[in-house]
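Chemist: Just passing along the structure, written as structure tokens.
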Amino acid sequence: MDGAPSIPRLVVAGTSSGVGKTTVMVALTRVLQARGLKVATFKCGPDYLDPSYHARTTGAPCHNLDGWLMGRDAVISTFRHASQGHDVALIEGVMGLYDGASPDSEEGSAAQVAKWLAAPVLAVVDASGMARTIAAIGTGLAAFDPELKVAGLFANRVGSRGHLELLQRAARGTAVPVVGGLPAQESLAFPERHLGLLTASEESIPTQHLDAWGTLLAEWNDVEAFLRLAREAPALPEAPEEDRSEAPVTCRIAVAQDAAFHFYYADNLRRLERLGAQCVPFSPLSDEALPPDVHAVYLGGGYPELHARKLTDNQSLRRALSDFAARGGPIYAECGGMMYLSQAIRTLDGQDFPMVGLVPGVAVMAPKLQALGYVEVETAARTVLGGAGLRFRGHQFRYSTLEGVPEQGGVLRIRRRRGGSTHTEGFGPPNVLASYVHAHWASNPLVAEGLVASARAFKEKGT
């Protein structure tokens with residue numbers, strides 16, 4: 001399959017969060033790989049954690065597709081580009097099939113992405129303790145939006161093969177059949193923490209667990225039935241294509257990549273590279289210095305609070321970042337990256353762990369969620385991303401607050417998508433921009449251009 005316009009594709013959605021969409025995605029990916037197929041994976045919505053499972057399973061980046069963050073053209077363009085050279089594409093939904101940025105529109109939902117991509121939907125249902133009701137669920141999902149093709153149901157967590165057969169019989173003759181299912185397997189369940197699933201590192205998720213889900217799906221299902229659904233997808237709708245030509249390397253951007261910092265949108269990094277930036281990984285946990293000859297630093301989100309002691313103990317790297325900033329080096333940090341640049345991280349037991357100190361205030365962990373949802377951002381002054389008035393979109397999901405900073409004076413004006421309340425973030429020296437926002441740069445391609453321009457300008461200064 002040489003091009004994305006006709007690639008078989010399937011949206012693996014759900015009736016709600018927690019029904020096992022990620023498990024089904026991993027199992028389907030593994031079983032299709034066993035057939036010799038090259039699988040491209042995607043995740044609807046702003047989540048970083050589920051994509052780590054797909055990336056582990058395929059050995060390639062999993063791209064987010066978010067209607068509110070990216071818009072239709074960027075969703076289709078990203079899908080086209082990332083699907084090229086693959087045999088089939090699987091797209092995991094977000095929350096329930098019709099859930100998104102608003103309770104009264106499809107914006108930001110898996111349904112919206114499925115319609116934009118003209119992709120059939122396989123809806124995952126937690127079928128434990130369920131019988132004929134599964135037919136009503138399928139009928140309701142399909143009837144709610146006739147423009148969406150809900151092609152089949154996946155009965156997850158069934159009690160036995162007999163239970164699965166009962167569910168298939170219940171939906172027989174309806175518009176949405178039960179295509180397959182899986183039993184509950186507690187021994188293979190993916191572990192969770194407060195932000196959702198654990199990141200799919202080799203330490204937390206053994207490769208044999210990924211393989212076992214694929215084996216189980218093959219034992220319980222007619223795999224060809226899923227491929228038939230995916231092959232029902234027509235040619236992709238048209239959308240303007242982005243310029244994806246690669247510029248020659250003109251600068252180097254250090255990107256934090258380790259157990260403490262690993263939340264990045266693959267599309268953001270790809271945009272930097274297309275603009276001529278070489279992304280150079282480094283570890284704030286273990287490296288004593290920044291990579292040589294870098295011209296900007298990008299600190300993504302993650303779990304710095306879980307590694308606070310080790311981050312504090314690595315004084316050499318903290319000094320290296322401070323020295324880089326003192327020389328005018330541009331630094332961009334999101335959420336966990338901002339916490340690392342603060343004066344300290346205060347963990348739930350009340351201990352303060354000194355951090356880099358470029359951002360005023362202490363990042364204080366809380367036992368409950370402190371912010372969740374989409375945000376719109378506008379710069380109030382020139383930053384490392386460009387001039388004042390730059391607008392872009394992002395998402396926040398955090399269990400900490402930054403205490404001890406001015407109530408006003410931040411260079412970012414943040415407006416919450418839900419409720420419309422506003423506040424400011426973005427404190428520190430002019431060449432440092434740090435906030436709780438996980439930004440998706442498809443919302444404004446000028447953001448990536450601005451960061452690369454800042455890196456080039458620092459390189460030209462020769463400091």
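How things are named: the first chain in the structure tokens is A, the next is B, and so on; residues count from 1 in each chain; ligands count from 1 in the order shown.
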Neighbours of region 254-269 of chain A within 6 Å (only C-alpha atoms; same-chain residues fewer than 6 positions away dropped), as a ChimeraX atom specification?
Modeler: /A:48,63,279-283,297-304,441
Chemist: Would you mind exporting N, CA and C atoms of the selected residues as a PDB file, in the first residue's frame?
Modeler:
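Generated output (out_22.pdb):
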ATOM      1  N   TYR A  48      -0.869  11.964  25.964  1.00  0.00           N
ATOM      2  CA  TYR A  48       0.491  11.507  25.697  1.00  0.00           C
ATOM      3  C   TYR A  48       0.716  10.048  26.094  1.00  0.00           C
ATOM      4  N   HIS A  63       1.059   9.411  16.215  1.00  0.00           N
ATOM      5  CA  HIS A  63       0.684  10.806  16.051  1.00  0.00           C
ATOM      6  C   HIS A  63      -0.702  11.081  16.636  1.00  0.00           C
ATOM      7  N   CYS A 279      16.947  17.700  16.273  1.00  0.00           N
ATOM      8  CA  CYS A 279      16.534  17.461  17.657  1.00  0.00           C
ATOM      9  C   CYS A 279      17.500  16.464  18.290  1.00  0.00           C
ATOM     10  N   VAL A 280      18.184  16.920  19.339  1.00  0.00           N
ATOM     11  CA  VAL A 280      19.234  16.122  19.976  1.00  0.00           C
ATOM     12  C   VAL A 280      18.752  15.717  21.367  1.00  0.00           C
ATOM     13  N   PRO A 281      18.513  14.432  21.614  1.00  0.00           N
ATOM     14  CA  PRO A 281      18.016  14.022  22.933  1.00  0.00           C
ATOM     15  C   PRO A 281      19.077  14.135  24.016  1.00  0.00           C
ATOM     16  N   PHE A 282      18.609  14.434  25.239  1.00  0.00           N
ATOM     17  CA  PHE A 282      19.488  14.414  26.407  1.00  0.00           C
ATOM     18  C   PHE A 282      18.651  14.068  27.627  1.00  0.00           C
ATOM     19  N   SER A 283      19.315  13.733  28.726  1.00  0.00           N
ATOM     20  CA  SER A 283      18.625  13.307  29.939  1.00  0.00           C
ATOM     21  C   SER A 283      18.971  14.201  31.118  1.00  0.00           C
ATOM     22  N   VAL A 297      16.866  24.757  23.898  1.00  0.00           N
ATOM     23  CA  VAL A 297      16.508  23.605  24.728  1.00  0.00           C
ATOM     24  C   VAL A 297      14.989  23.502  24.796  1.00  0.00           C
ATOM     25  N   TYR A 298      14.475  22.298  24.620  1.00  0.00           N
ATOM     26  CA  TYR A 298      13.037  22.011  24.681  1.00  0.00           C
ATOM     27  C   TYR A 298      12.831  20.986  25.800  1.00  0.00           C
ATOM     28  N   LEU A 299      12.151  21.407  26.867  1.00  0.00           N
ATOM     29  CA  LEU A 299      11.861  20.536  28.011  1.00  0.00           C
ATOM     30  C   LEU A 299      10.377  20.209  28.002  1.00  0.00           C
ATOM     31  N   GLY A 300      10.017  18.983  27.621  1.00  0.00           N
ATOM     32  CA  GLY A 300       8.624  18.580  27.579  1.00  0.00           C
ATOM     33  C   GLY A 300       8.083  18.191  28.940  1.00  0.00           C
ATOM     34  N   GLY A 301       6.847  17.742  28.953  1.00  0.00           N
ATOM     35  CA  GLY A 301       6.227  17.312  30.195  1.00  0.00           C
ATOM     36  C   GLY A 301       6.642  15.906  30.581  1.00  0.00           C
ATOM     37  N   GLY A 302       6.115  15.445  31.691  1.00  0.00           N
ATOM     38  CA  GLY A 302       6.436  14.108  32.170  1.00  0.00           C
ATOM     39  C   GLY A 302       6.156  13.974  33.648  1.00  0.00           C
ATOM     40  N   TYR A 303       7.060  13.334  34.355  1.00  0.00           N
ATOM     41  CA  TYR A 303       6.886  13.058  35.781  1.00  0.00           C
ATOM     42  C   TYR A 303       8.118  13.494  36.583  1.00  0.00           C
ATOM     43  N   PRO A 304       8.473  14.769  36.571  1.00  0.00           N
ATOM     44  CA  PRO A 304       9.653  15.176  37.347  1.00  0.00           C
ATOM     45  C   PRO A 304       9.474  14.952  38.839  1.00  0.00           C
ATOM     46  N   TRP A 441       1.433  22.556  17.890  1.00  0.00           N
ATOM     47  CA  TRP A 441       1.813  23.643  16.994  1.00  0.00           C
ATOM     48  C   TRP A 441       1.087  23.603  15.661  1.00  0.00           C
TER      49      TRP A 441
END
Chemist: Which residues are close to region 66-83 of chain A, i.e. within 7 Å by only C-alpha atoms, leaving aside same-chain residues fewer than 5 positions away? Reply as a ChimeraX atom specification.
Modeler: /A:4-5,40,44-46,89,107-108,112-113,116-117,239-242,393-394,440,442-443
Chemist: One decimal, Å: what's the distance from CA of Val447 (chain A) over to CA of Ser400 (chain A), could you say?
Modeler: 25.7 Å
Chemist: Just list the residues in region 160-354 of chain A DSSP gives strand (DSSP E) on the backbone, as a PyMOL selection string.
Modeler: chain A and resi 178-183+192-193+196-197+251-256+261-263+277-282+296-299+301-302+331-334+344-346+352-354
Chemist: Restricting the output to N, CA and C atoms, write the selected residues as a compact mmCIF listing (two decimals), in the first residue's frame.
Modeler:
# COMPACT_ATOMS: atom_id res chain seq x y z
N VAL A 178 -21.55 -7.48 16.53
CA VAL A 178 -20.41 -7.70 17.42
C VAL A 178 -19.36 -8.46 16.62
N VAL A 179 -18.28 -7.77 16.28
CA VAL A 179 -17.27 -8.34 15.38
C VAL A 179 -16.32 -9.26 16.13
N GLY A 180 -16.08 -8.98 17.41
CA GLY A 180 -15.15 -9.80 18.17
C GLY A 180 -15.14 -9.40 19.62
N GLY A 181 -14.22 -9.98 20.37
CA GLY A 181 -14.15 -9.68 21.79
C GLY A 181 -12.93 -10.30 22.44
N LEU A 182 -12.73 -9.94 23.69
CA LEU A 182 -11.62 -10.46 24.49
C LEU A 182 -12.09 -10.69 25.92
N PRO A 183 -11.52 -11.69 26.59
CA PRO A 183 -11.83 -11.87 28.01
C PRO A 183 -10.99 -10.94 28.87
N GLU A 192 -1.72 1.65 36.06
CA GLU A 192 -2.15 3.03 36.00
C GLU A 192 -1.56 3.84 37.13
N ARG A 193 -1.54 5.19 36.93
CA ARG A 193 -1.24 6.13 37.99
C ARG A 193 -2.15 7.33 37.80
N GLY A 196 -3.42 8.51 34.45
CA GLY A 196 -3.96 7.50 33.56
C GLY A 196 -3.03 6.30 33.56
N LEU A 197 -2.84 5.70 32.38
CA LEU A 197 -1.93 4.57 32.28
C LEU A 197 -0.50 5.01 32.55
N CYS A 251 20.43 24.40 12.78
CA CYS A 251 20.59 24.58 14.22
C CYS A 251 20.32 23.26 14.92
N ARG A 252 20.69 23.20 16.18
CA ARG A 252 20.49 21.99 16.99
C ARG A 252 19.70 22.36 18.24
N ILE A 253 18.63 21.60 18.48
CA ILE A 253 17.78 21.84 19.66
C ILE A 253 17.86 20.63 20.57
N ALA A 254 18.30 20.84 21.81
CA ALA A 254 18.37 19.76 22.80
C ALA A 254 16.96 19.47 23.32
N VAL A 255 16.54 18.22 23.25
CA VAL A 255 15.20 17.80 23.67
C VAL A 255 15.33 16.80 24.81
N ALA A 256 14.78 17.14 25.98
CA ALA A 256 14.86 16.25 27.15
C ALA A 256 14.06 14.98 26.89
N PHE A 261 10.96 13.18 31.58
CA PHE A 261 10.48 14.09 30.54
C PHE A 261 10.33 13.34 29.22
N HIS A 262 9.10 13.11 28.81
CA HIS A 262 8.89 12.37 27.56
C HIS A 262 7.54 12.67 26.92
N PHE A 263 6.85 13.72 27.36
CA PHE A 263 5.57 14.07 26.75
C PHE A 263 5.81 15.07 25.62
N ALA A 277 15.88 22.15 12.07
CA ALA A 277 16.44 21.92 13.40
C ALA A 277 16.74 20.43 13.58
N GLN A 278 17.90 20.14 14.11
CA GLN A 278 18.22 18.77 14.50
C GLN A 278 17.87 18.61 15.98
N CYS A 279 16.95 17.70 16.27
CA CYS A 279 16.53 17.46 17.66
C CYS A 279 17.50 16.46 18.29
N VAL A 280 18.18 16.92 19.34
CA VAL A 280 19.23 16.12 19.98
C VAL A 280 18.75 15.72 21.37
N PRO A 281 18.51 14.43 21.61
CA PRO A 281 18.02 14.02 22.93
C PRO A 281 19.08 14.14 24.02
N PHE A 282 18.61 14.43 25.24
CA PHE A 282 19.49 14.41 26.41
C PHE A 282 18.65 14.07 27.63
N ALA A 296 19.22 25.75 21.35
CA ALA A 296 17.97 25.93 22.10
C ALA A 296 17.72 24.66 22.89
N VAL A 297 16.87 24.76 23.90
CA VAL A 297 16.51 23.60 24.73
C VAL A 297 14.99 23.50 24.80
N TYR A 298 14.48 22.30 24.62
CA TYR A 298 13.04 22.01 24.68
C TYR A 298 12.83 20.99 25.80
N LEU A 299 12.15 21.41 26.87
CA LEU A 299 11.86 20.54 28.01
C LEU A 299 10.38 20.21 28.00
N GLY A 301 6.85 17.74 28.95
CA GLY A 301 6.23 17.31 30.19
C GLY A 301 6.64 15.91 30.58
N GLY A 302 6.11 15.44 31.69
CA GLY A 302 6.44 14.11 32.17
C GLY A 302 6.16 13.97 33.65
N ILE A 331 15.18 28.76 25.88
CA ILE A 331 14.66 27.56 26.52
C ILE A 331 13.14 27.60 26.50
N TYR A 332 12.53 26.52 26.01
CA TYR A 332 11.07 26.40 25.99
C TYR A 332 10.69 25.18 26.81
N ALA A 333 9.74 25.35 27.76
CA ALA A 333 9.39 24.26 28.68
C ALA A 333 7.89 24.17 28.86
N GLU A 334 7.40 22.93 28.91
CA GLU A 334 5.97 22.67 29.08
C GLU A 334 5.72 21.81 30.32
N ALA A 344 11.86 25.00 43.01
CA ALA A 344 11.85 23.69 43.68
C ALA A 344 10.56 22.96 43.36
N ILE A 345 10.58 21.66 43.54
CA ILE A 345 9.37 20.83 43.47
C ILE A 345 9.08 20.34 44.88
N ARG A 346 7.86 20.62 45.36
CA ARG A 346 7.44 20.14 46.68
C ARG A 346 6.56 18.92 46.49
N ASP A 352 10.85 19.72 49.88
CA ASP A 352 11.23 20.59 48.78
C ASP A 352 12.53 20.09 48.15
N PHE A 353 12.51 19.91 46.83
CA PHE A 353 13.69 19.48 46.11
C PHE A 353 14.12 20.61 45.18
N PRO A 354 15.27 21.23 45.42
CA PRO A 354 15.72 22.33 44.58
C PRO A 354 15.85 21.93 43.12
Chemist: Restricting the calculation to only C-alpha atoms, which member of A:Gly361, A:Ala170, A:Gly162, A:Leu153 is positioned closest to Ala225 (chain A)?
Modeler: A:Leu153
Chemist: When you look at Leu167 (chain A) with a cut-off of 10 Å (counting only C-alpha atoms), what residues show up, excluding the ones that are within fewer than 6 positions of it in the same chain? I need them as an mmCIF file with N, CA and C atoms, in the first residue's frame.
Modeler:
data_model
loop_
_atom_site.group_PDB
_atom_site.id
_atom_site.type_symbol
_atom_site.label_atom_id
_atom_site.label_comp_id
_atom_site.auth_asym_id
_atom_site.auth_seq_id
_atom_site.Cartn_x
_atom_site.Cartn_y
_atom_site.Cartn_z
ATOM 1 N N ALA A 127 -18.257 -5.317 28.113
ATOM 2 C CA ALA A 127 -19.417 -6.205 28.038
ATOM 3 C C ALA A 127 -19.575 -7.087 29.269
ATOM 4 N N MET A 130 -23.158 -8.060 30.671
ATOM 5 C CA MET A 130 -24.069 -7.528 29.662
ATOM 6 C C MET A 130 -24.542 -8.637 28.742
ATOM 7 N N ALA A 131 -25.749 -8.487 28.220
ATOM 8 C CA ALA A 131 -26.281 -9.429 27.241
ATOM 9 C C ALA A 131 -26.923 -8.642 26.089
ATOM 10 N N ARG A 132 -28.266 -8.669 25.994
ATOM 11 C CA ARG A 132 -28.955 -8.065 24.844
ATOM 12 C C ARG A 132 -28.761 -6.555 24.757
ATOM 13 N N THR A 133 -28.435 -5.925 25.859
ATOM 14 C CA THR A 133 -28.238 -4.469 25.857
ATOM 15 C C THR A 133 -27.159 -4.047 24.871
ATOM 16 N N ILE A 134 -26.234 -4.944 24.542
ATOM 17 C CA ILE A 134 -25.177 -4.563 23.606
ATOM 18 C C ILE A 134 -25.759 -4.205 22.245
ATOM 19 N N ALA A 135 -26.871 -4.834 21.871
ATOM 20 C CA ALA A 135 -27.522 -4.499 20.604
ATOM 21 C C ALA A 135 -28.079 -3.084 20.642
ATOM 22 N N LEU A 153 -19.000 -3.643 16.767
ATOM 23 C CA LEU A 153 -18.743 -3.552 18.197
ATOM 24 C C LEU A 153 -17.677 -4.567 18.589
ATOM 25 N N PHE A 154 -16.890 -4.211 19.594
ATOM 26 C CA PHE A 154 -15.912 -5.130 20.163
ATOM 27 C C PHE A 154 -16.288 -5.342 21.620
ATOM 28 N N ALA A 155 -16.634 -6.559 21.969
ATOM 29 C CA ALA A 155 -17.084 -6.882 23.324
ATOM 30 C C ALA A 155 -15.870 -7.207 24.199
ATOM 31 N N VAL A 158 -15.324 -10.049 28.276
ATOM 32 C CA VAL A 158 -16.391 -11.051 28.319
ATOM 33 C C VAL A 158 -16.014 -12.142 29.315
ATOM 34 N N ARG A 161 -16.232 -17.792 26.213
ATOM 35 C CA ARG A 161 -16.549 -17.846 24.793
ATOM 36 C C ARG A 161 -18.063 -17.919 24.582
ATOM 37 N N PRO A 177 -22.975 -5.185 14.083
ATOM 38 C CA PRO A 177 -22.718 -6.500 14.664
ATOM 39 C C PRO A 177 -21.590 -6.475 15.689
ATOM 40 N N VAL A 178 -21.547 -7.484 16.527
ATOM 41 C CA VAL A 178 -20.408 -7.698 17.424
ATOM 42 C C VAL A 178 -19.362 -8.455 16.619
ATOM 43 N N VAL A 179 -18.282 -7.773 16.280
ATOM 44 C CA VAL A 179 -17.273 -8.336 15.385
ATOM 45 C C VAL A 179 -16.317 -9.263 16.129
ATOM 46 N N GLY A 180 -16.082 -8.977 17.409
ATOM 47 C CA GLY A 180 -15.155 -9.795 18.171
ATOM 48 C C GLY A 180 -15.139 -9.397 19.623
ATOM 49 N N GLY A 181 -14.221 -9.983 20.366
ATOM 50 C CA GLY A 181 -14.148 -9.680 21.789
ATOM 51 C C GLY A 181 -12.929 -10.298 22.437
#
